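Enquirer: Just dropping this structure here.
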Amino acid sequence: DLRQRLATRAVHAGQQPDEPTGAIMTPIYQTATYVQTGLGKHKGFEYARTRNPTRDALERNLAALEGGIHGFAFASGLAATDAVLKLFSAGDHVICGENVYGGTHRLMTQVFQQLGMRFTFVDTRNIAAVTAAVTPVTRMIFVETPSNPMMRLTDLAAVGKVAQERKLHLAVDNTFATPVFQRPLELGADIVIHSTTKYLNGHSDMVGGAVITNRDDVAERLGFLQNAAGAVPGPFDSWLALRGTKTLALRMRQHDANGRCLADWLHGHRAVQRVYYPGLPDHEQYDLACRQMSGFGGMISLELGSAARARTFAEGTKLFALAESLGGVESLVGHPASMTHASVPKAMREAMGLTDGLVRLSVGIEDVDDLREDLDQALAKATR
């Protein structure tokens, strides 16, 4: 029920107590196939790649969280992005934000570009640059906001207007903000993408992705692609993600509180050259962040000035674990240039400020004073 508020939807949407038993939690339907009573006679389920009741519940839940009509779960965030790109054909053109997850850039340039699609990477903070990149064969604008890891924002209402006027799809990777803090479908997007591995699941114990849309024609094609390519999550991973979304609103409030506190403290730290966090008043798009987002989240990037300092810092934390990924209850630290964005050409990384001295923090839900003390001692090591 979309009239319910988000925290209520997170707990209840897409799920009913199990009919035979009354179990309040959606069962894990760990099955590959379903018995049919006769040729062409079944209960809506034929083969688990096509449909699974646990996955169905997750897809309904995710669609409700984003305020969408149709939800599709995939085996990873990249599998979800792959399905969206397969909506198009050789010769079609996509405008993409220049600062996106490195795997997204790699998928576009090293897979789909070789299959005949064309991509232009632009600074989507600049709506004029987005508009100028449109060609007669452009089919989609693809953005991350906030972007990974530079925390750039795209004005979704403005870019949505560009897409609508030119009859283009607008796809938004909403992984960092989550539907708790940002609502792309309400601002002009028609496709929303998530790595459910991250905040939606929130416990670093599964890998998954999702696509949500409010367009029936897009949904019909995505459903075909999901079944035809088969990059679907198993029932247990679907159940884990569904368990995770139940506490999403609660967790995001703590990620946001900790993120704001640490960003403000880091902003005044002598060892930090620059802090990238949309909730800081000196962020160049702070006004847009306040207008477009209802919270700023737990992702922070820091410029420490050199690769050596970044290495010492990343290897010197104790509570912040050095690891890929983000969005779990535990805090993580990463080095984008050598980890998440290593596949992005160095010149392109440096042009957008993604230097070898940049580190990215995924701030968890631990006690913020413990997190601050950990960062302080690691920064002290990095500046000796």
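Just remember, in the structure tokens the first chain shown is A, the second B, etc., residues are 1-based per chain, and ligands are 1-based in the order shown.
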If you run DSSP on the backbone here, which positions in stretch 212-368 of chain A get strand (DSSP E)? Please write them as a list in words.
Expert: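 So the strand (DSSP E) residues in stretch 212-368 of chain A would be Ile212, Thr213, Arg274, Val275, Tyr276, Met299, Ile300, Ser301, Leu302, Glu303, Ala321, Leu322, Leu332, Val333, Gly334, Leu358, Val359, Arg360, Leu361 and Ser362 of chain A.
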Enquirer: Could you dump the residues just selected with N, CA and C atoms as a tab-separated table (two decimals), in the first residue's frame?
Expert:
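Once everything was written out, this is result-v9.tsv:
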```
chain	number	residue	atom	x	y	z
A	212	ILE	N	13.89	-1.10	-10.60
A	212	ILE	CA	12.49	-0.74	-10.35
A	212	ILE	C	12.06	0.24	-11.42
A	213	THR	N	10.85	0.08	-11.93
A	213	THR	CA	10.34	1.00	-12.95
A	213	THR	C	8.85	1.19	-12.74
A	274	ARG	N	40.69	17.64	2.05
A	274	ARG	CA	39.34	17.94	1.58
A	274	ARG	C	38.40	16.81	1.96
A	275	VAL	N	37.17	17.16	2.31
A	275	VAL	CA	36.14	16.18	2.62
A	275	VAL	C	35.03	16.30	1.57
A	276	TYR	N	34.65	15.18	1.00
A	276	TYR	CA	33.54	15.14	0.04
A	276	TYR	C	32.34	14.50	0.74
A	299	MET	N	28.27	7.81	3.45
A	299	MET	CA	29.41	7.72	2.55
A	299	MET	C	30.18	9.03	2.55
A	300	ILE	N	31.48	8.94	2.85
A	300	ILE	CA	32.36	10.11	2.92
A	300	ILE	C	33.65	9.79	2.17
A	301	SER	N	34.13	10.72	1.35
A	301	SER	CA	35.45	10.57	0.73
A	301	SER	C	36.38	11.66	1.24
A	302	LEU	N	37.66	11.28	1.40
A	302	LEU	CA	38.66	12.20	1.95
A	302	LEU	C	39.85	12.29	1.01
A	303	GLU	N	40.36	13.48	0.81
A	303	GLU	CA	41.62	13.67	0.10
A	303	GLU	C	42.73	13.85	1.12
A	321	ALA	N	37.20	-1.49	8.59
A	321	ALA	CA	37.88	-2.61	7.93
A	321	ALA	C	38.22	-2.23	6.49
A	322	LEU	N	39.44	-2.57	6.06
A	322	LEU	CA	39.87	-2.32	4.69
A	322	LEU	C	39.23	-3.38	3.79
A	332	LEU	N	33.62	0.54	6.85
A	332	LEU	CA	34.65	0.09	5.92
A	332	LEU	C	35.44	1.28	5.40
A	333	VAL	N	36.69	1.03	5.02
A	333	VAL	CA	37.52	2.03	4.35
A	333	VAL	C	38.05	1.40	3.07
A	334	GLY	N	38.08	2.20	2.01
A	334	GLY	CA	38.59	1.70	0.73
A	334	GLY	C	39.42	2.75	0.02
A	358	LEU	N	42.98	9.71	-2.49
A	358	LEU	CA	41.59	9.71	-2.06
A	358	LEU	C	41.24	8.39	-1.37
A	359	VAL	N	40.59	8.47	-0.24
A	359	VAL	CA	40.06	7.29	0.43
A	359	VAL	C	38.55	7.47	0.62
A	360	ARG	N	37.84	6.34	0.66
A	360	ARG	CA	36.38	6.38	0.80
A	360	ARG	C	35.98	5.64	2.07
A	361	LEU	N	35.11	6.26	2.84
A	361	LEU	CA	34.61	5.66	4.07
A	361	LEU	C	33.15	5.27	3.90
A	362	SER	N	32.83	4.07	4.32
A	362	SER	CA	31.44	3.67	4.49
A	362	SER	C	31.21	3.63	6.00
```
Enquirer: Can you pull out every residue from stretch 156-213 of chain A that DSSP, working from the backbone, puts in alpha helix (DSSP H), and format the result as a PyMOL selection string?
Expert: chain A and resi 156-165+178-181
Enquirer: For a quick check of understanding, using only C-alpha atoms, which of A:Ala129, A:Val180, A:Ala307, A:Leu288 has the smallest distance to A:Leu354?
Expert: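 Residue with the minimum atom-to-atom distance to A:Leu354: A:Ala307.
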Enquirer: Atom CA of A:Arg166 to atom CA of A:Cys96: how many Å, to one decimal?
Expert: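 Here the two named atoms are 15.8 Å from each other.
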Enquirer: Can you pull out the residues contacting A:Leu371? Cut-off 10 Å, using only C-alpha atoms, and skip same-chain residues under 5 positions away; I want them as a count of residues only.
Expert: 12
Enquirer: Can you work out which one of A:Val207, A:Gln164, A:Ala382, A:Ala323 has the shortest atom-to-atom distance to A:Ala231, counting only C-alpha atoms?
Expert: A:Val207
Enquirer: Return the single residue from A:Thr109, A:Ser147, A:Thr33, A:Thr138 that is closest to A:Lys167, with distances computed using only C-alpha atoms.
Expert: A:Thr138
Enquirer: Hey, what's within 8 Å of stretch 104-108 of chain A if we count only C-alpha atoms and toss same-chain stuff fewer than 3 positions away? As a PyMOL selection string, please?
Expert: chain A and resi 78+81-82+100-101+111-113+119+343-344
Enquirer: Suppose you want the space between atom CA of A:Gly244 and atom CA of A:Leu200; what is it in Å?
Expert: 6.1 Å
Enquirer: What lies within 8 Å of A:Gly316 using only C-alpha atoms, ignoring chain neighbours under 4 positions off, as a PyMOL selection string?
Expert: chain A and resi 312+377-378+381
Enquirer: Just the residues within 9 Å of A:Pro27, please, counting only C-alpha atoms, with nothing from its chain fewer than 4 positions along; format it as an NGL selection string.
Expert: :A and (18 or 23 or 53-54 or 239)
Enquirer: Determine the nearest neighbour of A:Arg183 from the options A:Gly208, A:Gly295, A:Pro233, A:Gly91, counting only C-alpha atoms.
Expert: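 Result for the nearest residue to A:Arg183: A:Gly295.
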Enquirer: Nearest to A:Glu165: which of A:Val134, A:Met252, A:Ile28, A:Val232 is it, counting only C-alpha atoms?
Expert: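 Smallest separation from A:Glu165 among the options: A:Val134.
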Enquirer: Would you pick out the contacts of A:Tyr47 at 8 Å or less, using only C-alpha atoms, so that residues sharing its chain but fewer than 4 positions from it are not included, and give the list as number ranges by chain?
Expert: A: 32-34, 51-52
Enquirer: Could you write out that same residue set with N, CA, C and O atoms as an mmCIF file, in the first residue's frame?
Expert:
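Ended up saving to part.cif:
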```
data_model
loop_
_atom_site.group_PDB
_atom_site.id
_atom_site.type_symbol
_atom_site.label_atom_id
_atom_site.label_comp_id
_atom_site.auth_asym_id
_atom_site.auth_seq_id
_atom_site.Cartn_x
_atom_site.Cartn_y
_atom_site.Cartn_z
ATOM 1 N N ALA A 32 14.075 -25.749 -7.331
ATOM 2 C CA ALA A 32 14.426 -25.413 -8.708
ATOM 3 C C ALA A 32 13.218 -25.496 -9.635
ATOM 4 O O ALA A 32 13.152 -24.802 -10.637
ATOM 5 N N THR A 33 12.258 -26.360 -9.296
ATOM 6 C CA THR A 33 11.113 -26.549 -10.179
ATOM 7 C C THR A 33 9.859 -26.766 -9.352
ATOM 8 O O THR A 33 9.900 -26.839 -8.121
ATOM 9 N N TYR A 34 8.718 -26.846 -10.014
ATOM 10 C CA TYR A 34 7.418 -26.936 -9.361
ATOM 11 C C TYR A 34 6.579 -28.000 -10.056
ATOM 12 O O TYR A 34 6.524 -28.050 -11.296
ATOM 13 N N ARG A 51 10.424 -17.619 -11.942
ATOM 14 C CA ARG A 51 9.763 -17.056 -10.759
ATOM 15 C C ARG A 51 10.054 -17.924 -9.545
ATOM 16 O O ARG A 51 10.153 -19.155 -9.659
ATOM 17 N N ASN A 52 10.170 -17.274 -8.416
ATOM 18 C CA ASN A 52 10.311 -17.966 -7.144
ATOM 19 C C ASN A 52 9.538 -17.147 -6.111
ATOM 20 O O ASN A 52 9.645 -15.915 -6.095
#
```
Enquirer: Compare A:Asp356, A:Glu373, A:Asp155, A:Asp205 by their minimum atom-to-atom distance to A:Trp265, counting only C-alpha atoms, and give me the closest one.
Expert: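 Among the listed residues, A:Glu373 lies closest to A:Trp265.
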